[in-house]
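Engineer: Coordinates in coords31.cif, mmCIF, C-alpha atoms, are listed below.
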```
data_data
loop_
_atom_site.label_atom_id
_atom_site.label_comp_id
_atom_site.auth_asym_id
_atom_site.auth_seq_id
_atom_site.Cartn_x
_atom_site.Cartn_y
_atom_site.Cartn_z
CA MET A 11 3.27 1.04 -37.76
CA TYR A 12 0.29 -0.16 -35.81
CA GLY A 13 -0.08 -3.04 -38.30
CA MET A 14 3.42 -4.38 -37.62
CA GLU A 15 3.62 -7.30 -35.23
CA SER A 16 6.66 -5.96 -33.46
CA GLY A 17 5.13 -2.48 -33.18
CA PRO A 18 3.47 -2.66 -29.77
CA GLN A 19 6.49 -4.37 -28.27
CA ARG A 20 8.89 -1.82 -29.73
CA ARG A 21 6.68 0.98 -28.45
CA GLY A 22 6.56 -0.71 -25.05
CA THR A 23 10.36 -0.89 -24.95
CA ALA A 24 10.76 2.82 -25.75
CA ARG A 25 8.15 3.66 -23.12
CA LYS A 26 9.96 1.59 -20.49
CA ALA A 27 13.30 3.13 -21.37
CA ILE A 28 11.80 6.62 -21.09
CA LEU A 29 10.25 5.87 -17.68
CA SER A 30 13.48 4.29 -16.36
CA ALA A 31 15.48 7.28 -17.57
CA THR A 32 13.03 9.62 -15.86
CA LEU A 33 13.42 7.82 -12.51
CA LYS A 34 17.20 7.88 -12.91
CA LEU A 35 17.16 11.62 -13.63
CA ILE A 36 14.93 12.25 -10.60
CA ALA A 37 17.29 10.24 -8.39
CA GLU A 38 20.33 12.11 -9.67
CA SER A 39 19.09 15.68 -9.71
CA GLY A 40 15.53 15.89 -8.43
CA VAL A 41 12.09 16.20 -9.96
CA ASP A 42 12.76 19.70 -11.32
CA SER A 43 15.53 18.35 -13.54
CA VAL A 44 13.04 16.34 -15.61
CA THR A 45 12.50 17.81 -19.09
CA HIS A 46 11.54 16.02 -22.31
CA ARG A 47 14.93 16.94 -23.76
CA ARG A 48 16.99 15.55 -20.86
CA VAL A 49 14.86 12.41 -20.62
CA ALA A 50 15.23 11.71 -24.36
CA GLN A 51 19.00 12.08 -24.06
CA ALA A 52 19.22 9.81 -20.99
CA ALA A 53 16.94 7.18 -22.55
CA GLY A 54 18.75 7.24 -25.89
CA VAL A 55 15.57 7.99 -27.83
CA SER A 56 14.55 10.92 -30.02
CA LEU A 57 12.83 13.96 -28.54
CA GLY A 58 9.87 13.10 -30.78
CA SER A 59 9.61 9.71 -29.07
CA THR A 60 9.21 11.20 -25.58
CA THR A 61 6.59 13.71 -26.73
CA HIS A 62 4.82 10.92 -28.68
CA HIS A 63 4.55 8.74 -25.59
CA PHE A 64 3.94 11.46 -23.00
CA SER A 65 1.95 14.59 -23.76
CA GLY A 66 3.63 16.70 -21.09
CA ARG A 67 6.07 16.79 -18.21
CA ARG A 68 3.35 16.17 -15.64
CA GLU A 69 2.20 13.01 -17.44
CA LEU A 70 5.80 11.82 -17.64
CA LEU A 71 6.25 12.28 -13.88
CA ARG A 72 2.90 10.71 -13.04
CA GLU A 73 3.57 7.64 -15.18
CA SER A 74 7.10 7.23 -13.80
CA PHE A 75 5.70 7.29 -10.31
CA GLN A 76 3.03 4.75 -11.25
CA GLN A 77 5.76 2.57 -12.79
CA TYR A 78 7.76 2.78 -9.58
CA LEU A 79 4.75 1.84 -7.46
CA LEU A 80 3.94 -1.10 -9.77
CA TRP A 81 7.48 -2.41 -9.44
CA GLY A 82 7.15 -2.09 -5.68
CA ASN A 83 3.88 -4.05 -5.67
CA ARG A 84 5.30 -6.80 -7.84
CA MET A 85 8.40 -7.07 -5.64
CA ILE A 86 6.30 -7.30 -2.47
CA ARG A 87 4.06 -10.00 -4.00
CA VAL A 88 7.08 -12.06 -5.09
CA LEU A 89 8.78 -11.71 -1.71
CA ALA A 90 5.59 -12.50 0.20
CA GLY A 91 4.96 -15.59 -1.96
CA ALA A 92 8.49 -16.88 -1.47
CA VAL A 93 8.38 -16.31 2.28
CA GLN A 94 4.98 -17.96 2.72
CA GLU A 95 6.10 -21.08 0.89
CA ARG A 96 8.71 -21.59 3.59
CA LYS A 97 5.84 -21.87 6.15
CA GLU A 98 7.60 -19.86 8.84
CA HIS A 99 5.94 -18.33 11.89
CA PRO A 100 3.99 -15.23 10.78
CA VAL A 101 6.30 -12.87 12.73
CA ASP A 102 9.29 -14.38 10.95
CA GLN A 103 7.44 -14.02 7.65
CA VAL A 104 6.88 -10.29 8.20
CA ARG A 105 10.49 -9.86 9.25
CA ALA A 106 11.78 -11.78 6.23
CA ILE A 107 9.62 -9.71 3.85
CA LEU A 108 10.77 -6.39 5.32
CA VAL A 109 14.43 -7.41 5.45
CA ALA A 110 14.31 -8.62 1.84
CA LEU A 111 12.59 -5.37 0.83
CA VAL A 112 15.28 -3.27 2.49
CA GLU A 113 18.08 -5.41 1.01
CA ARG A 114 16.70 -4.89 -2.51
CA GLU A 115 16.61 -1.17 -1.82
CA PHE A 116 20.15 -1.20 -0.41
CA ALA A 117 21.16 -2.50 -3.84
CA ASN A 118 19.42 0.42 -5.58
CA PRO A 119 19.82 3.52 -3.42
CA GLU A 120 19.12 5.74 -6.41
CA LEU A 121 15.60 4.28 -6.68
CA VAL A 122 14.99 5.03 -2.99
CA ARG A 123 16.04 8.63 -3.57
CA ALA A 124 13.71 8.83 -6.59
CA GLU A 125 10.89 7.46 -4.43
CA TYR A 126 11.31 10.19 -1.82
CA GLU A 127 11.65 12.90 -4.45
CA LEU A 128 8.37 11.68 -5.95
CA LEU A 129 6.70 11.40 -2.54
CA LEU A 130 7.49 15.04 -1.86
CA TYR A 131 6.33 16.00 -5.34
CA ALA A 132 3.09 14.09 -4.61
CA THR A 133 2.40 16.29 -1.59
CA ARG A 134 1.74 19.09 -4.09
CA ASP A 135 -0.36 17.00 -6.49
CA PRO A 136 -3.62 15.54 -5.11
CA GLU A 137 -3.83 12.91 -7.88
CA LEU A 138 -0.35 11.57 -7.05
CA ALA A 139 -1.09 11.81 -3.33
CA GLN A 140 -4.11 9.55 -3.91
CA MET A 141 -1.92 7.08 -5.82
CA VAL A 142 0.46 6.94 -2.85
CA THR A 143 -2.43 6.45 -0.42
CA ASP A 144 -3.85 3.60 -2.54
CA TRP A 145 -0.44 1.99 -2.88
CA GLU A 146 0.18 2.20 0.86
CA ALA A 147 -3.21 0.55 1.46
CA ASN A 148 -2.08 -2.24 -0.91
CA LEU A 149 1.04 -2.75 1.17
CA VAL A 150 -0.61 -2.37 4.57
CA GLY A 151 -3.43 -4.82 3.76
CA PRO A 152 -1.34 -8.02 3.28
CA LEU A 153 1.09 -6.93 6.01
CA ALA A 154 -1.81 -6.51 8.45
CA ALA A 155 -3.16 -9.96 7.48
CA VAL A 156 0.14 -11.65 8.43
CA LEU A 157 0.39 -9.53 11.59
CA ARG A 158 -3.13 -10.61 12.62
CA GLU A 159 -2.05 -14.21 12.16
CA ALA A 160 0.99 -13.44 14.30
CA GLY A 161 -1.22 -12.27 17.13
CA ALA A 162 -0.97 -8.48 16.74
CA PRO A 163 -3.94 -6.98 18.58
CA ARG A 164 -4.25 -4.01 16.17
CA PRO A 165 -2.82 -5.41 12.94
CA SER A 166 -3.71 -2.55 10.61
CA GLU A 167 -2.28 0.05 12.96
CA CYS A 168 0.84 -2.09 13.50
CA ALA A 169 1.29 -2.38 9.74
CA HIS A 170 1.18 1.43 9.45
CA THR A 171 3.71 1.75 12.29
CA LEU A 172 6.03 -0.68 10.49
CA VAL A 173 5.70 1.21 7.21
CA ASN A 174 6.48 4.47 9.06
CA PHE A 175 9.54 2.86 10.63
CA LEU A 176 10.67 1.47 7.27
CA ARG A 177 10.33 4.89 5.59
CA GLY A 178 12.21 6.65 8.38
CA PHE A 179 15.00 4.08 8.19
CA GLU A 180 15.25 4.46 4.42
CA MET A 181 15.47 8.25 4.79
CA GLU A 182 18.20 7.87 7.43
CA ARG A 183 20.10 5.53 5.14
CA LEU A 184 20.03 8.03 2.28
CA ILE A 185 21.97 10.34 4.60
CA LYS A 186 24.15 7.56 6.11
CA PRO A 187 24.94 5.00 3.39
CA ALA A 188 26.98 2.96 5.89
CA LEU A 189 23.78 1.93 7.71
CA GLY A 190 23.45 -1.77 6.97
CA ARG A 191 21.18 -4.78 7.09
CA ASP A 192 22.33 -5.79 10.59
CA GLU A 193 21.35 -2.45 12.10
CA PHE A 194 17.96 -2.71 10.37
CA VAL A 195 17.40 -6.20 11.83
CA ARG A 196 18.55 -5.01 15.27
CA ARG A 197 15.92 -2.28 15.22
CA LEU A 198 13.17 -4.27 13.49
CA THR A 199 13.20 -7.48 15.54
CA PRO A 200 12.29 -6.14 19.00
CA LEU A 201 9.84 -3.75 17.34
CA LEU A 202 8.04 -6.60 15.56
CA GLY A 203 8.02 -8.83 18.62
CA ALA A 204 6.64 -5.99 20.68
CA LEU A 205 3.95 -5.03 18.19
CA CYS A 206 2.83 -8.64 17.99
CA ARG A 207 3.04 -9.06 21.78
CA THR A 208 4.78 -12.36 21.35
CA GLY A 209 6.54 -11.57 24.62
CA ASN A 210 9.67 -13.25 25.84
CA PRO A 211 10.43 -15.76 23.06
CA ILE A 212 10.86 -13.05 20.42
CA GLN A 213 12.74 -10.85 22.86
CA ARG A 214 15.15 -13.67 23.48
CA GLN A 215 15.37 -14.19 19.76
CA ALA A 216 16.00 -10.45 19.37
CA GLU A 217 18.89 -10.74 21.80
CA ARG A 218 20.35 -13.65 19.90
CA LEU A 219 20.12 -11.67 16.68
CA CYS A 220 21.57 -8.44 18.08
CA MET B 10 27.37 50.96 8.62
CA TYR B 11 29.40 48.69 10.87
CA GLY B 12 29.91 51.61 13.29
CA MET B 13 26.17 52.18 13.83
CA GLU B 14 24.75 50.78 17.06
CA SER B 15 21.63 49.46 15.41
CA GLY B 16 23.66 48.00 12.59
CA PRO B 17 24.26 44.42 13.79
CA GLN B 18 20.67 44.07 14.91
CA ARG B 19 19.32 45.42 11.61
CA ARG B 20 21.65 43.11 9.73
CA GLY B 21 20.49 40.24 11.93
CA THR B 22 16.86 41.02 11.12
CA ALA B 23 17.48 41.07 7.37
CA ARG B 24 19.41 37.79 7.63
CA LYS B 25 16.59 36.13 9.55
CA ALA B 26 14.00 37.38 7.06
CA ILE B 27 16.09 36.02 4.18
CA LEU B 28 16.47 32.60 5.82
CA SER B 29 12.76 32.40 6.68
CA ALA B 30 11.82 33.36 3.13
CA THR B 31 14.18 30.68 1.80
CA LEU B 32 12.56 27.97 3.92
CA LYS B 33 9.11 29.17 2.83
CA LEU B 34 10.13 29.04 -0.84
CA ILE B 35 11.57 25.53 -0.40
CA ALA B 36 8.33 24.37 1.25
CA GLU B 37 6.22 25.87 -1.54
CA SER B 38 8.17 24.86 -4.62
CA GLY B 39 11.22 22.81 -3.68
CA VAL B 40 14.93 23.46 -3.31
CA ASP B 41 15.38 24.17 -7.03
CA SER B 42 13.08 27.17 -6.83
CA VAL B 43 15.54 29.03 -4.57
CA THR B 44 17.28 31.90 -6.37
CA HIS B 45 18.66 35.14 -4.90
CA ARG B 46 16.04 37.08 -6.87
CA ARG B 47 13.04 35.06 -5.64
CA VAL B 48 14.32 35.03 -2.04
CA ALA B 49 14.81 38.82 -2.05
CA GLN B 50 11.28 39.29 -3.35
CA ALA B 51 9.76 36.88 -0.77
CA ALA B 52 11.75 38.42 2.11
CA GLY B 53 10.92 41.99 1.06
CA VAL B 54 14.60 42.99 0.88
CA SER B 55 16.77 44.22 -1.99
CA LEU B 56 18.64 41.81 -4.22
CA GLY B 57 21.82 43.47 -2.95
CA SER B 58 20.91 42.51 0.60
CA THR B 59 20.68 38.78 -0.18
CA THR B 60 23.98 38.75 -2.07
CA HIS B 61 25.59 40.82 0.73
CA HIS B 62 24.56 38.26 3.37
CA PHE B 63 25.01 35.09 1.33
CA SER B 64 27.74 34.71 -1.24
CA GLY B 65 25.92 32.10 -3.29
CA ARG B 66 22.89 29.88 -3.57
CA ARG B 67 24.63 26.98 -1.87
CA GLU B 68 25.51 29.10 1.17
CA LEU B 69 21.91 30.31 1.33
CA LEU B 70 20.60 26.73 1.34
CA ARG B 71 23.19 25.53 3.86
CA GLU B 72 22.46 28.38 6.28
CA SER B 73 18.68 27.92 5.94
CA PHE B 74 19.09 24.28 6.80
CA GLN B 75 21.30 25.15 9.78
CA GLN B 76 18.68 27.66 10.90
CA TYR B 77 15.98 25.00 10.66
CA LEU B 78 18.05 22.52 12.68
CA LEU B 79 18.79 25.16 15.34
CA TRP B 80 15.07 25.91 15.69
CA GLY B 81 14.46 22.19 16.06
CA ASN B 82 17.12 21.88 18.78
CA ARG B 83 15.72 24.84 20.70
CA MET B 84 12.19 23.47 20.49
CA ILE B 85 13.27 20.03 21.74
CA ARG B 86 15.19 21.58 24.67
CA VAL B 87 12.19 23.72 25.68
CA LEU B 88 9.79 20.78 25.42
CA ALA B 89 12.11 18.43 27.30
CA GLY B 90 12.60 21.01 30.06
CA ALA B 91 8.85 21.58 30.45
CA VAL B 92 8.10 17.85 30.50
CA GLN B 93 10.83 17.05 33.02
CA GLU B 94 9.57 19.70 35.42
CA ARG B 95 6.31 17.79 35.65
CA LYS B 96 8.25 14.81 37.08
CA GLU B 97 6.37 12.17 35.09
CA HIS B 98 7.47 8.59 34.52
CA PRO B 99 10.27 8.57 31.91
CA VAL B 100 8.10 6.71 29.34
CA ASP B 101 5.43 9.38 29.73
CA GLN B 102 8.10 12.05 29.38
CA VAL B 103 9.30 10.62 26.07
CA ARG B 104 5.73 10.32 24.84
CA ALA B 105 4.88 13.86 25.90
CA ILE B 106 7.97 15.24 24.13
CA LEU B 107 7.23 13.39 20.87
CA VAL B 108 3.53 14.27 20.91
CA ALA B 109 4.33 17.94 21.55
CA LEU B 110 6.92 17.85 18.74
CA VAL B 111 4.41 16.41 16.29
CA GLU B 112 1.72 18.87 17.38
CA ARG B 113 4.05 21.80 16.71
CA GLU B 114 4.75 20.35 13.29
CA PHE B 115 1.05 19.81 12.60
CA ALA B 116 0.70 23.56 13.06
CA ASN B 117 3.45 24.22 10.46
CA PRO B 118 3.20 21.58 7.73
CA GLU B 119 5.12 23.80 5.34
CA LEU B 120 8.16 23.62 7.63
CA VAL B 121 7.95 19.82 7.63
CA ARG B 122 7.89 19.83 3.83
CA ALA B 123 10.91 22.15 3.79
CA GLU B 124 12.72 19.79 6.18
CA TYR B 125 12.23 16.81 3.86
CA GLU B 126 13.19 18.79 0.78
CA LEU B 127 16.39 19.78 2.56
CA LEU B 128 17.01 16.23 3.80
CA LEU B 129 16.90 14.97 0.22
CA TYR B 130 19.09 17.82 -0.91
CA ALA B 131 21.52 16.85 1.87
CA THR B 132 21.86 13.34 0.41
CA ARG B 133 23.73 15.01 -2.48
CA ASP B 134 25.89 17.27 -0.29
CA PRO B 135 28.28 15.55 2.16
CA GLU B 136 28.64 18.70 4.32
CA LEU B 137 24.86 18.96 4.80
CA ALA B 138 24.63 15.20 5.34
CA GLN B 139 27.13 15.57 8.20
CA MET B 140 25.02 18.40 9.68
CA VAL B 141 21.97 16.10 9.65
CA THR B 142 23.96 13.26 11.23
CA ASP B 143 25.22 15.58 14.00
CA TRP B 144 21.75 16.98 14.60
CA GLU B 145 20.24 13.53 14.80
CA ALA B 146 22.90 12.55 17.35
CA ASN B 147 21.86 15.65 19.36
CA LEU B 148 18.26 14.45 19.34
CA VAL B 149 19.00 10.76 19.91
CA GLY B 150 21.35 11.45 22.88
CA PRO B 151 18.82 13.02 25.30
CA LEU B 152 16.04 10.72 24.04
CA ALA B 153 18.23 7.68 24.78
CA ALA B 154 18.99 9.04 28.26
CA VAL B 155 15.29 9.21 29.16
CA LEU B 156 14.69 5.80 27.54
CA ARG B 157 17.50 4.31 29.64
CA GLU B 158 15.82 5.73 32.75
CA ALA B 159 12.57 4.17 31.51
CA GLY B 160 14.19 0.75 31.41
CA ALA B 161 14.85 0.37 27.68
CA PRO B 162 17.50 -2.34 27.28
CA ARG B 163 19.05 -0.75 24.17
CA PRO B 164 18.25 2.93 24.66
CA SER B 165 20.31 4.39 21.82
CA GLU B 166 18.92 1.90 19.30
CA CYS B 167 15.38 2.52 20.60
CA ALA B 168 15.88 6.26 20.19
CA HIS B 169 16.87 5.72 16.55
CA THR B 170 13.83 3.49 16.02
CA LEU B 171 11.59 6.22 17.45
CA VAL B 172 13.18 8.88 15.24
CA ASN B 173 12.66 6.59 12.21
CA PHE B 174 9.02 6.10 13.18
CA LEU B 175 8.54 9.84 13.70
CA ARG B 176 10.04 10.63 10.28
CA GLY B 177 7.91 8.01 8.54
CA PHE B 178 4.79 9.35 10.23
CA GLU B 179 5.63 12.92 9.22
CA MET B 180 6.15 11.81 5.61
CA GLU B 181 2.82 9.97 5.65
CA ARG B 182 1.11 13.06 7.04
CA LEU B 183 2.47 15.24 4.24
CA ILE B 184 0.53 12.95 1.88
CA LYS B 185 -2.51 12.58 4.19
CA PRO B 186 -3.08 15.88 6.01
CA ALA B 187 -6.11 14.39 7.81
CA LEU B 188 -3.82 12.17 9.90
CA GLY B 189 -4.11 13.59 13.40
CA ARG B 190 -2.65 13.61 16.89
CA ASP B 191 -4.87 10.74 18.08
CA GLU B 192 -3.63 8.38 15.39
CA PHE B 193 -0.05 9.34 16.24
CA VAL B 194 -0.65 8.57 19.95
CA ARG B 195 -2.38 5.28 19.03
CA ARG B 196 0.70 4.18 17.12
CA LEU B 197 3.30 5.66 19.48
CA THR B 198 2.04 4.40 22.84
CA PRO B 199 2.30 0.61 22.30
CA LEU B 200 5.55 1.17 20.43
CA LEU B 201 7.08 3.07 23.35
CA GLY B 202 5.83 0.61 25.95
CA ALA B 203 7.20 -2.26 23.92
CA LEU B 204 10.60 -0.66 23.32
CA CYS B 205 10.92 0.07 27.03
CA ARG B 206 9.63 -3.41 27.97
CA THR B 207 7.40 -1.92 30.60
CA GLY B 208 5.10 -4.83 29.89
CA ASN B 209 1.47 -4.98 30.85
CA PRO B 210 0.97 -1.63 32.60
CA ILE B 211 1.84 0.40 29.49
CA GLN B 212 -0.11 -2.00 27.29
CA ARG B 213 -3.15 -1.44 29.47
CA GLN B 214 -2.47 2.28 29.29
CA ALA B 215 -2.16 1.98 25.51
CA GLU B 216 -5.57 0.34 25.38
CA ARG B 217 -7.08 3.09 27.50
CA LEU B 218 -5.58 5.69 25.18
CA CYS B 219 -6.60 3.99 21.92
#
```
Would you mind giving the structure from this file in structure tokens?
Structural biologist:
Amino acid sequence: MYGMESGPQRRGTARKAILSATLKLIAESGVDSVTHRRVAQAAGVSLGSTTHHFSGRRELLRESFQQYLLWGNRMIRVLAGAVQERKEHPVDQVRAILVALVEREFANPELVRAEYELLLYATRDPELAQMVTDWEANLVGPLAAVLREAGAPRPSECAHTLVNFLRGFEMERLIKPALGRDEFVRRLTPLLGALCRTGNPIQRQAERLC
Amino acid sequence: MYGMESGPQRRGTARKAILSATLKLIAESGVDSVTHRRVAQAAGVSLGSTTHHFSGRRELLRESFQQYLLWGNRMIRVLAGAVQERKEHPVDQVRAILVALVEREFANPELVRAEYELLLYATRDPELAQMVTDWEANLVGPLAAVLREAGAPRPSECAHTLVNFLRGFEMERLIKPALGRDEFVRRLTPLLGALCRTGNPIQRQAERLC
């Protein structure tokens, strides 16, 4: 099989399907519901395929989490690139990135639930906890750079505060699905303006937006 | 048994022990680990006692969650009362309440983990989701009242933003246990000052505190 040209790609497809099915299972019924048998069924592959690709349940969970974090990174890079091309004021760039991020997540609430299930699972697994810490640093770094440009006096700290706010909002939305984009913008705008100390202009803008 | 004077109290004690053991189990190994048998063992009561007090697993989880929320309410009332007696500026009152809240939670990280496990569980149970929504309204109400006094232009929205931030910080701390009170204060103080638009004085205070 390794000699076939389509081999690696076929294997890659099965792997992806298995990881997607794992995240879906986690979102639906929690981390504890993940078994090789259930994943194989959900992914539409043989049980042998899941055990071939992933030696055990822990590896399956770890790789799914990594997959989720990679998607997140890619999404943030794409959004950040698109926003920067528009050459907006840095505060508006940060706002646009965070709003776009939340809108993508609004479209996939099951992935948000999987993320929080995995975050809690990571609190009991130091290796996963380290992955989360590294990923957060990856997110906070570029965010802090734009915040510095926007005049934030403590950009790295502000970036952490924004990530905290974003997480708390996402958690609240899992409980209250009616919470929408407008409410997010209403909360985010004065927060951003305040963290960047842009003073009255952004406050006025916040009032226009609210 | 119902005729015995010590009966209700004894029953109350067993009930409390069962609910505490349930929360402990959830914190240690997640919601799925909760079974009548494991709870009885952890609480040091007979299996008959758990099934006498709680008809099923779902009732056990719902009541544990309610118990957790009641503890939270009581704690917030006590903290708010103590802070208000000191007659501080409203912004300082809000900060003192949130810092005290976080410090209590730092002392019991396993309860924080149980809270988030239950929050995720609640996203799949509309009755529990409603309990969380009501509880959050209970927390946001008094917080908004102090924020209004402190000059916040949109006190209810600010209170939600603060609760979001608090939740995100708690989640981050579950992953990074080294995150301490000082970092929380460093992030909270400028945020609070900004949300209340107290302007330069609180910013200067924030710089002193950082």
Engineer: Which of these, B:Ala105, B:Leu110, B:Leu183, B:Leu175, has the shortest distance to Tyr126 in chain A once you count only C-alpha atoms?
Structural biologist: B:Leu183
Engineer: Taking all atoms listed in the file into account, what are the residues of chain A at most 7 Å from chain B, put as a ChimeraX atom specification?
Structural biologist: /A:42,133,139,167,171,174-175,177-179,184-185,197,201,204-205
Engineer: Quick one: apply the PyMOL selection byres ((chain A and resi 61-65) around 12) to the file and drop the selected residues here as a PyMOL selection string.
Structural biologist: chain A and resi 21-29+32+45-47+49-50+55-60+66-74
Engineer: For CA of Ala187 in chain B and CA of Phe115 in chain B, quote the distance in Å rounded to one decimal.
Structural biologist: 10.2 Å
Engineer: Name the residues captured by the PyMOL selection byres ((chain B and resi 84) around 12) when it is applied to the shown file; answer as a count of residues only.
Structural biologist: 23
Engineer: So what do you get for CA of Ala160 in chain A versus CA of Val101 in chain A, distance-wise?
Structural biologist: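 We find that CA of Ala160 in chain A and CA of Val101 in chain A lie 5.6 Å from each other.
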Engineer: Here is a test: counting only C-alpha atoms, which residue of A:Ala147, A:Ala154, A:Leu33, A:Val44 is nearest to Asn118 in chain A?
Structural biologist: A:Leu33
Engineer: Can you work out which one of B:Thr198, B:Gln50, B:Ser29, B:Ser165 has the shortest atom-to-atom distance to Pro151 in chain B, counting only C-alpha atoms?
Structural biologist: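 Closest residue, counting only C-alpha atoms: B:Ser165.
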Engineer: What is the distance, in Å and to one decimal place, between CA of Asp102 in chain A and CA of Val150 in chain A?
Structural biologist: 16.8 Å
